[in-house]
$ cat structure.txt   # compact mmCIF, C-alpha atoms
# COMPACT_ATOMS: atom_id res chain seq x y z
CA MET A 1 0.00 0.00 0.00
CA THR A 2 1.25 3.49 -0.88
CA SER A 3 1.91 5.63 2.18
CA PRO A 4 0.43 9.17 2.49
CA GLN A 5 3.96 10.55 2.46
CA THR A 6 4.79 8.81 -0.83
CA THR A 7 1.51 10.02 -2.36
CA GLU A 8 2.35 13.59 -1.35
CA LEU A 9 5.78 13.33 -2.97
CA GLN A 10 4.28 11.95 -6.18
CA ARG A 11 1.85 14.87 -6.39
CA ALA A 12 4.67 17.34 -5.74
CA ASN A 13 6.75 15.83 -8.56
CA TYR A 14 3.94 15.63 -11.13
CA LEU A 15 3.67 18.32 -13.80
CA PRO A 16 0.50 17.43 -15.73
CA THR A 17 1.11 19.39 -18.93
CA LEU A 18 4.38 17.54 -19.53
CA ASP A 19 2.44 14.34 -20.26
CA GLY A 20 0.78 16.28 -23.06
CA TRP A 21 4.15 17.39 -24.41
CA ARG A 22 5.34 13.77 -24.30
CA ALA A 23 2.29 12.87 -26.37
CA ILE A 24 3.10 15.59 -28.92
CA ALA A 25 6.69 14.29 -29.15
CA ILE A 26 5.79 10.64 -29.68
CA ILE A 27 2.96 11.45 -32.12
CA ALA A 28 5.48 13.44 -34.19
CA VAL A 29 7.85 10.46 -34.26
CA LEU A 30 5.02 8.08 -35.18
CA ILE A 31 3.93 10.31 -38.06
CA CYS A 32 7.51 10.51 -39.34
CA HIS A 33 8.05 6.74 -39.27
CA ALA A 34 4.58 5.57 -40.33
CA SER A 35 4.24 7.92 -43.30
CA ASP A 36 7.69 7.30 -44.79
CA ALA A 37 6.95 4.29 -47.02
CA PRO A 38 3.42 5.19 -48.21
CA LEU A 39 4.29 8.80 -49.03
CA LEU A 40 7.49 7.84 -50.83
CA ALA A 41 5.53 5.34 -52.89
CA ARG A 42 2.91 7.96 -53.69
CA GLU A 43 5.04 11.10 -54.22
CA GLY A 44 8.59 9.89 -54.65
CA PRO A 45 11.62 11.66 -53.10
CA GLY A 46 11.10 15.39 -52.58
CA GLY A 47 7.32 15.22 -52.37
CA PHE A 48 5.65 17.98 -50.36
CA TRP A 49 3.84 15.78 -47.81
CA HIS A 50 6.78 13.44 -47.37
CA ASP A 51 9.13 16.35 -46.73
CA LEU A 52 6.61 17.87 -44.31
CA THR A 53 6.30 14.69 -42.24
CA ARG A 54 10.12 14.53 -41.88
CA TYR A 55 9.73 17.32 -39.31
CA GLY A 56 8.26 14.63 -37.07
CA ALA A 57 11.83 13.62 -36.29
CA GLU A 58 11.98 16.76 -34.15
CA GLY A 59 9.87 14.84 -31.65
CA VAL A 60 13.22 13.50 -30.48
CA SER A 61 14.37 17.07 -29.77
CA LEU A 62 11.22 17.55 -27.68
CA PHE A 63 12.04 14.40 -25.73
CA PHE A 64 15.57 15.66 -25.06
CA GLY A 65 14.32 19.01 -23.81
CA LEU A 66 11.68 17.30 -21.67
CA SER A 67 14.20 14.95 -20.07
CA GLY A 68 16.68 17.69 -19.21
CA PHE A 69 13.97 19.96 -17.86
CA LEU A 70 12.03 17.37 -15.84
CA ILE A 71 15.00 15.55 -14.32
CA THR A 72 16.55 18.82 -13.15
CA TYR A 73 13.20 20.16 -11.92
CA ARG A 74 12.58 17.06 -9.82
CA LEU A 75 16.08 17.08 -8.35
CA LEU A 76 15.64 20.72 -7.36
CA GLN A 77 12.25 19.96 -5.84
CA GLU A 78 13.88 17.23 -3.77
CA GLN A 79 16.51 19.70 -2.65
CA GLN A 80 13.79 22.12 -1.53
CA ARG A 81 11.92 19.42 0.36
CA THR A 82 14.85 17.69 2.03
CA GLY A 83 17.74 20.15 1.93
CA GLY A 84 19.79 17.93 -0.42
CA ILE A 85 19.83 15.64 -3.46
CA SER A 86 20.23 11.89 -3.03
CA LEU A 87 21.99 10.35 -6.02
CA ARG A 88 21.23 6.88 -4.63
CA ARG A 89 17.49 7.56 -4.77
CA PHE A 90 17.77 9.16 -8.19
CA TYR A 91 19.62 6.26 -9.79
CA GLY A 92 17.46 3.68 -8.03
CA ARG A 93 14.33 5.21 -9.54
CA ARG A 94 15.96 5.63 -12.97
CA VAL A 95 17.06 1.99 -13.14
CA LEU A 96 13.53 0.75 -12.43
CA ARG A 97 12.07 3.36 -14.80
CA ILE A 98 14.29 2.72 -17.83
CA LEU A 99 15.86 -0.73 -17.82
CA PRO A 100 12.98 -3.23 -17.45
CA ALA A 101 10.98 -1.98 -20.45
CA CYS A 102 14.18 -1.57 -22.45
CA LEU A 103 15.27 -5.12 -21.63
CA ALA A 104 11.82 -6.52 -22.48
CA TYR A 105 12.03 -4.97 -25.96
CA LEU A 106 15.59 -6.19 -26.58
CA LEU A 107 14.77 -9.71 -25.38
CA THR A 108 11.80 -9.78 -27.76
CA VAL A 109 14.00 -8.69 -30.67
CA THR A 110 16.58 -11.32 -29.67
CA ALA A 111 13.92 -14.03 -29.58
CA LEU A 112 12.56 -13.00 -32.98
CA THR A 113 16.09 -13.05 -34.36
CA GLY A 114 16.64 -16.54 -32.95
CA ALA A 115 13.40 -17.63 -34.62
CA GLY A 116 14.70 -16.39 -37.98
CA LEU A 117 12.12 -13.60 -38.33
CA LEU A 118 14.58 -10.72 -37.89
CA ALA A 119 18.25 -10.22 -38.66
CA VAL A 120 19.78 -8.26 -35.79
CA HIS A 121 23.52 -8.21 -35.11
CA ARG A 122 24.86 -9.18 -31.71
CA GLU A 123 26.68 -5.84 -31.51
CA ASP A 124 23.36 -4.03 -32.10
CA LEU A 125 21.81 -5.71 -29.09
CA LEU A 126 24.82 -5.34 -26.78
CA SER A 127 25.40 -1.67 -27.64
CA SER A 128 21.71 -0.93 -27.17
CA PHE A 129 21.56 -2.53 -23.74
CA LEU A 130 24.80 -0.88 -22.61
CA PHE A 131 23.80 2.47 -24.17
CA TYR A 132 26.63 3.07 -26.61
CA ARG A 133 24.55 2.39 -29.75
CA ASN A 134 25.15 5.96 -30.95
CA TYR A 135 28.92 5.43 -31.19
CA LEU A 136 28.89 2.51 -33.61
CA SER A 137 29.68 3.03 -37.27
CA PRO A 138 27.32 1.82 -40.02
CA ALA A 139 29.92 -0.87 -40.79
CA GLN A 140 29.37 -2.35 -37.31
CA VAL A 141 25.58 -2.15 -37.29
CA GLY A 142 22.81 -1.74 -39.77
CA THR A 143 19.52 -2.93 -38.39
CA TRP A 144 16.46 -0.72 -38.12
CA TYR A 145 15.07 -2.51 -35.08
CA THR A 146 17.60 -1.07 -32.61
CA GLY A 147 18.29 2.18 -34.46
CA HIS A 148 16.21 4.27 -32.05
CA PHE A 149 18.49 3.39 -29.13
CA TRP A 150 20.80 6.24 -30.12
CA THR A 151 18.43 8.63 -28.36
CA LEU A 152 18.24 6.45 -25.24
CA ALA A 153 22.04 6.33 -25.16
CA ILE A 154 22.26 10.14 -25.13
CA GLU A 155 19.68 10.37 -22.35
CA GLU A 156 21.49 7.77 -20.25
CA HIS A 157 24.80 9.61 -20.69
CA PHE A 158 23.08 12.77 -19.46
CA TYR A 159 21.67 10.91 -16.43
CA LEU A 160 25.13 9.61 -15.58
CA LEU A 161 26.82 13.01 -15.79
CA TRP A 162 24.39 15.79 -14.92
CA PRO A 163 23.00 14.92 -11.45
CA GLY A 164 26.52 14.61 -10.03
CA LEU A 165 27.53 17.93 -11.60
CA LEU A 166 24.40 19.54 -10.15
CA VAL A 167 25.25 18.27 -6.67
CA LEU A 168 28.90 19.37 -6.93
CA ALA A 169 28.19 22.80 -8.41
CA GLY A 170 25.07 23.69 -6.43
CA SER A 171 22.00 25.12 -8.11
CA ARG A 172 23.33 28.67 -8.57
CA ARG A 173 26.56 27.69 -10.26
CA ALA A 174 24.80 24.86 -12.11
CA LEU A 175 22.68 27.45 -13.95
CA TRP A 176 25.78 28.97 -15.51
CA LEU A 177 27.45 25.59 -15.91
CA SER A 178 24.52 24.20 -17.91
CA ALA A 179 24.47 27.30 -20.13
CA LEU A 180 28.22 27.13 -20.73
CA LEU A 181 28.11 23.41 -21.48
CA GLY A 182 25.13 23.85 -23.81
CA ALA A 183 26.85 26.65 -25.71
CA GLY A 184 30.08 24.64 -25.75
CA VAL A 185 28.37 21.65 -27.33
CA ALA A 186 26.80 23.93 -29.95
CA PHE A 187 30.21 25.41 -30.76
CA TRP A 188 31.74 21.92 -30.93
CA ARG A 189 28.96 20.85 -33.32
CA TRP A 190 29.81 23.79 -35.58
CA ILE A 191 33.51 22.82 -35.49
CA GLU A 192 32.65 19.23 -36.40
CA ILE A 193 30.37 20.22 -39.27
CA ARG A 194 32.88 22.68 -40.68
CA PHE A 195 36.25 21.02 -40.07
CA HIS A 196 35.55 17.33 -39.19
CA PRO A 197 38.37 17.05 -36.63
CA THR A 198 37.29 13.57 -35.45
CA ALA A 199 36.79 12.05 -38.90
CA ALA A 200 40.05 10.09 -38.72
CA TRP A 201 39.14 8.12 -35.60
CA LEU A 202 35.30 8.15 -35.68
CA THR A 203 35.24 6.58 -39.11
CA GLN A 204 31.90 6.61 -40.95
CA MET A 205 29.99 7.33 -37.74
CA ASP A 206 26.76 9.26 -38.06
CA MET A 207 27.69 12.56 -36.44
CA SER A 208 24.09 13.59 -35.80
CA VAL A 209 23.49 10.82 -33.23
CA ARG A 210 26.58 11.30 -31.06
CA THR A 211 26.21 12.42 -27.46
CA ASP A 212 28.86 15.11 -27.80
CA ILE A 213 26.89 16.58 -30.72
CA ARG A 214 23.31 16.36 -29.36
CA ILE A 215 23.44 16.54 -25.55
CA ASP A 216 22.91 20.30 -25.59
CA GLY A 217 19.19 19.61 -26.01
CA LEU A 218 19.12 18.11 -22.53
CA LEU A 219 21.46 20.72 -21.07
CA TRP A 220 19.25 23.61 -22.19
CA GLY A 221 16.28 21.85 -20.63
CA ALA A 222 18.24 21.65 -17.38
CA CYS A 223 19.25 25.30 -17.66
CA VAL A 224 15.66 26.50 -18.07
CA ALA A 225 14.51 24.35 -15.12
CA LEU A 226 17.19 26.01 -12.99
CA LEU A 227 15.79 29.42 -13.95
CA LEU A 228 12.57 28.56 -12.14
CA PHE A 229 14.45 28.02 -8.88
CA HIS A 230 16.40 31.27 -8.85
CA GLY A 231 14.94 34.02 -6.72
CA SER A 232 12.26 36.07 -8.43
CA ARG A 233 12.77 34.60 -11.90
CA GLU A 234 9.79 32.27 -11.53
CA GLN A 235 7.44 35.22 -10.97
CA TRP A 236 9.05 37.08 -13.88
CA LEU A 237 8.56 34.07 -16.15
CA ARG A 238 4.98 33.66 -14.93
CA LYS A 239 4.17 37.26 -15.96
CA LEU A 240 6.06 36.87 -19.24
CA PHE A 241 4.10 33.78 -20.28
CA ALA A 242 0.78 35.35 -19.32
CA SER A 243 1.15 37.45 -22.49
CA ARG A 244 -0.07 36.21 -25.86
CA TRP A 245 2.77 38.13 -27.47
CA THR A 246 5.27 35.88 -25.74
CA TRP A 247 3.59 32.80 -27.20
CA ALA A 248 3.40 34.41 -30.63
CA ALA A 249 7.12 35.20 -30.49
CA LEU A 250 7.92 31.61 -29.47
CA VAL A 251 5.92 30.22 -32.39
CA VAL A 252 7.62 32.56 -34.88
CA LEU A 253 11.07 31.72 -33.54
CA ALA A 254 10.24 27.99 -33.65
CA ALA A 255 9.21 28.31 -37.31
CA ILE A 256 12.48 30.12 -38.10
CA CYS A 257 14.52 27.45 -36.33
CA LEU A 258 12.68 24.58 -38.01
CA LYS A 259 13.24 26.18 -41.40
CA GLY A 260 16.96 25.80 -40.78
CA SER A 261 20.02 27.76 -41.95
CA LEU A 262 18.39 31.13 -41.22
CA LEU A 263 20.24 31.68 -37.95
CA PRO A 264 23.87 31.08 -36.99
CA PHE A 265 24.10 28.09 -34.64
CA ASN A 266 20.50 27.29 -35.56
CA GLY A 267 20.51 23.97 -33.69
CA MET A 268 21.45 25.69 -30.43
CA TRP A 269 18.60 28.21 -30.66
CA TRP A 270 16.07 25.46 -31.38
CA ALA A 271 17.31 23.36 -28.44
CA LEU A 272 17.20 26.44 -26.16
CA LEU A 273 13.74 27.46 -27.34
CA ILE A 274 12.02 24.11 -26.71
CA PRO A 275 12.08 24.17 -22.86
CA PHE A 276 10.42 27.59 -22.76
CA PHE A 277 7.29 26.05 -24.26
CA PHE A 278 7.27 23.63 -21.31
CA VAL A 279 7.78 26.46 -18.82
CA GLY A 280 4.86 28.40 -20.25
CA THR A 281 2.40 25.53 -19.74
CA VAL A 282 3.85 24.46 -16.38
CA LEU A 283 3.33 27.99 -15.04
CA HIS A 284 -0.07 28.44 -16.75
CA PRO A 285 -1.70 24.98 -16.89
CA THR A 286 -5.19 26.49 -17.04
CA GLY A 287 -4.50 28.34 -20.30
CA LEU A 288 -5.85 27.07 -23.62
CA LEU A 289 -2.69 25.14 -24.50
CA GLY A 290 -2.35 23.80 -20.96
CA ARG A 291 -5.92 22.50 -20.97
CA LEU A 292 -5.33 20.84 -24.35
CA LEU A 293 -2.15 19.18 -23.12
CA GLU A 294 -4.00 17.87 -20.05
CA SER A 295 -6.81 16.34 -22.10
CA PRO A 296 -7.41 12.66 -21.26
CA VAL A 297 -6.28 11.32 -24.65
CA LEU A 298 -3.00 13.26 -24.74
CA THR A 299 -2.32 12.48 -21.09
CA TRP A 300 -2.76 8.76 -21.76
CA VAL A 301 -0.58 8.81 -24.89
CA GLY A 302 2.04 10.78 -22.95
CA ARG A 303 2.17 8.17 -20.20
CA LEU A 304 2.65 5.49 -22.84
CA SER A 305 5.30 7.52 -24.68
CA TYR A 306 8.40 5.67 -23.45
CA SER A 307 6.93 2.24 -24.19
CA LEU A 308 5.55 3.54 -27.49
CA TYR A 309 8.95 4.85 -28.49
CA LEU A 310 10.51 1.46 -27.76
CA TRP A 311 7.92 -0.68 -29.56
CA GLN A 312 7.03 1.48 -32.56
CA GLN A 313 10.41 0.61 -34.10
CA LEU A 314 9.33 -3.02 -34.46
CA PHE A 315 6.26 -2.16 -36.53
CA LEU A 316 6.79 1.28 -38.14
CA VAL A 317 9.63 0.20 -40.39
CA GLY A 318 9.42 2.95 -42.99
CA ALA A 319 10.88 2.72 -46.45
CA VAL A 320 14.28 1.45 -45.34
CA MET A 321 13.18 -2.19 -45.05
CA LYS A 322 13.09 -4.55 -48.00
CA ARG A 323 9.76 -6.06 -48.94
CA PRO A 324 8.18 -8.50 -48.17
CA LEU A 325 8.21 -7.51 -44.51
CA PRO A 326 8.62 -10.23 -41.85
CA PHE A 327 5.32 -9.41 -40.09
CA GLY A 328 3.37 -8.58 -43.23
CA PRO A 329 0.32 -6.34 -42.62
CA PHE A 330 1.40 -5.69 -39.02
CA GLN A 331 4.24 -3.58 -40.44
CA GLU A 332 1.97 -1.63 -42.78
CA LEU A 333 -0.68 1.01 -42.10
CA PRO A 334 -2.99 0.89 -40.21
CA LEU A 335 -2.26 -2.35 -38.37
CA ASN A 336 1.29 -1.26 -37.52
CA ILE A 337 -0.09 1.62 -35.45
CA VAL A 338 -2.53 -0.72 -33.68
CA ALA A 339 0.25 -3.22 -32.97
CA ALA A 340 2.59 -0.52 -31.63
CA PHE A 341 -0.06 0.80 -29.24
CA ALA A 342 -1.03 -2.72 -28.14
CA CYS A 343 2.56 -3.69 -27.28
CA ALA A 344 3.19 -0.32 -25.63
CA ALA A 345 0.08 -0.60 -23.48
CA LEU A 346 1.02 -4.13 -22.43
CA SER A 347 4.55 -3.00 -21.57
CA TYR A 348 3.31 0.05 -19.66
CA TYR A 349 0.58 -1.59 -17.57
CA ALA A 350 2.28 -4.95 -16.96
CA LEU A 351 5.87 -3.81 -16.50
CA GLU A 352 6.65 -0.11 -16.57
CA LYS A 353 3.93 1.29 -14.29
CA PRO A 354 4.25 -1.37 -11.53
CA LEU A 355 8.04 -1.04 -11.39
CA VAL A 356 7.90 2.76 -11.39
CA GLY A 357 5.61 2.40 -8.36
CA VAL A 358 8.13 0.09 -6.71
CA GLY A 359 10.88 2.61 -7.36
CA LYS A 360 8.86 5.43 -5.79
CA ARG A 361 8.10 3.35 -2.70
CA LEU A 362 11.66 2.11 -2.27
CA PHE A 363 13.50 5.32 -3.02
CA SER A 364 11.13 7.97 -1.70
CA ALA A 365 10.53 6.38 1.68
CA GLY A 366 13.63 7.97 3.20
CA GLU A 367 12.79 11.53 2.17
CA ARG A 368 12.09 13.99 4.96
CA ARG A 369 11.06 17.58 4.52
CA ALA A 370 13.78 20.02 5.57
CA PRO A 371 12.74 22.42 8.37
CA GLY A 372 11.09 25.49 6.83
CA ALA A 373 11.29 24.11 3.29
CA GLU A 374 8.36 24.87 1.00
CA PRO A 375 7.70 23.29 -2.39
CA SER A 376 8.00 25.47 -5.46
CA SER A 377 4.82 27.17 -6.53
CA ALA A 378 5.48 26.20 -10.13
CA ARG A 379 3.03 23.43 -11.02
$ encode --input "structure.txt" --output "structure tokens"
Amino acid sequence: MTSPQTTELQRANYLPTLDGWRAIAIIAVLICHASDAPLLAREGPGGFWHDLTRYGAEGVSLFFGLSGFLITYRLLQEQQRTGGISLRRFYGRRVLRILPACLAYLLTVTALTGAGLLAVHREDLLSSFLFYRNYLSPAQVGTWYTGHFWTLAIEEHFYLLWPGLLVLAGSRRALWLSALLGAGVAFWRWIEIRFHPTAAWLTQMDMSVRTDIRIDGLLWGACVALLLFHGSREQWLRKLFASRWTWAALVVLAAICLKGSLLPFNGMWWALLIPFFFVGTVLHPTGLLGRLLESPVLTWVGRLSYSLYLWQQLFLVGAVMKRPLPFGPFQELPLNIVAAFACAALSYYALEKPLVGVGKRLFSAGERRAPGAEPSSAR
């Protein structure tokens, strides 16, 4: 049975509109993957609708910003409640949150490979489970079915590095540290694109999936979360996002960033912009966008988003796979969407949700509110 104290901590940590943003992110990814083959067959390369749906890949950027923002926000909430941050509790909860569902997917892919239905390399599976899939060259790997683990690798690298840096630096210095690291990664990305200094020893590796190239998306999320815990900045941001002009400016800037090549260091500005959308709805959940994000359907899809991201790769194979497909109609529209949601729901309700609950009970039981500490008013 869940204790009243644990229930209180869960409510304090929950930011309802972020489930809606998770839903937006995973829906974008699903559109990108599911529409690839049919639109290419209909329009051919360069078709308007096919090119438009490629923007769905930016759902991954939303996930990065969400992870950096939410992880940092929760750690700072813990610091307010207890007077400190427990890395033991953080990693205990993360292990039970991430690994079981991940392992279930990889074991399924392994079993299907053993049955002769899929062709997945051993290195694919090992690198996915140990979260270095994004540092393998195409010569070492080549299977679609574990390709999405590059994003999970980047997130895990962030989880390994950032909480310790936050504890060591303290929240005030961590604000500047996250900004400097984010800008540093953006500058390094520009160096790599322009001069390719690592080409000799990172042979044929896809640069766009490397942690050192993409982790700024998580760092800017962390930086913006830290802004909410610095003095009067929360109230300033609350007033700022009460204005429709602020939202209009965000939308215009987002369109400019998505267009690409219109701004210097365009990728940095896009990664920095994303968390401010989250801040606006966290501080104003009763606004029109906040109410939409908290709608029952989006909330449910958002809660399934991690499991959906894992399992969609098995069914939404896009145009990269040779036909005939191993699962036939279950890898074609519309049954591939149904199959992805069915597997995700099974994973979430049978595995992910129960183990997340175990993690909260095991690793929140020792929390005690620090004398005089009050939770942040940002909800």
$ closest_atom_pairs --input "structure.txt" --of "region 287-309 of chain A" --to "region 24-32 of chain A" --cutoff "8 Å" --atoms "only C-alpha atoms" --output "CSV"
residue,atom,partner,partner_atom,distance
A:Leu298,CA,A:Ile24,CA,7.8
A:Gly302,CA,A:Ile26,CA,7.7
A:Ser305,CA,A:Ile26,CA,5.9
A:Leu308,CA,A:Ile26,CA,7.4
A:Tyr309,CA,A:Ile26,CA,6.7
$ atom_distance --input "structure.txt" --atom1 "CA of Ala340 (chain A)" --atom2 "CA of Phe315 (chain A)"
6.3 Å
$ closest_atom_pairs --input "structure.txt" --of "region 255-355 of chain A" --to "region 87-104 of chain A" --cutoff "7 Å" --atoms "only C-alpha atoms" --output "Markdown table"
| residue | atom | partner | partner_atom | distance |
| --- | --- | --- | --- | --- |
| A:Ser307 | CA | A:Ala101 | CA | 6.9 |
| A:Ser347 | CA | A:Ala101 | CA | 6.6 |
| A:Leu351 | CA | A:Ala101 | CA | 6.7 |
| A:Glu352 | CA | A:Ala101 | CA | 6.1 |
| A:Leu355 | CA | A:Leu96 | CA | 5.9 |
$ residues_around --input "structure.txt" --residues "Arg291 (chain A)" --least-positions-apart "6" --cutoff "10 Å" --atoms "only C-alpha atoms" --output "compact mmCIF listing (two decimals) with C-alpha atoms, in the coordinates of the input"
# COMPACT_ATOMS: atom_id res chain seq x y z
CA PRO A 16 0.50 17.43 -15.73
CA THR A 17 1.11 19.39 -18.93
CA GLY A 20 0.78 16.28 -23.06
CA THR A 281 2.40 25.53 -19.74
CA HIS A 284 -0.07 28.44 -16.75
CA PRO A 285 -1.70 24.98 -16.89
$ axis_aligned_box --input "structure.txt" --around "region 196-201 of chain A" --padding-each-side "5 Å" --output "JSON"
{"center_x": 37.8, "center_y": 12.7, "center_z": -37.3, "size_x": 14.5, "size_y": 19.2, "size_z": 13.7}
$ closest_residue --input "structure.txt" --among "A:Trp190, A:Phe276, A:Phe131, A:Trp245" --to "Gly221 (chain A)" --atoms "all atoms listed in the file"
A:Phe276
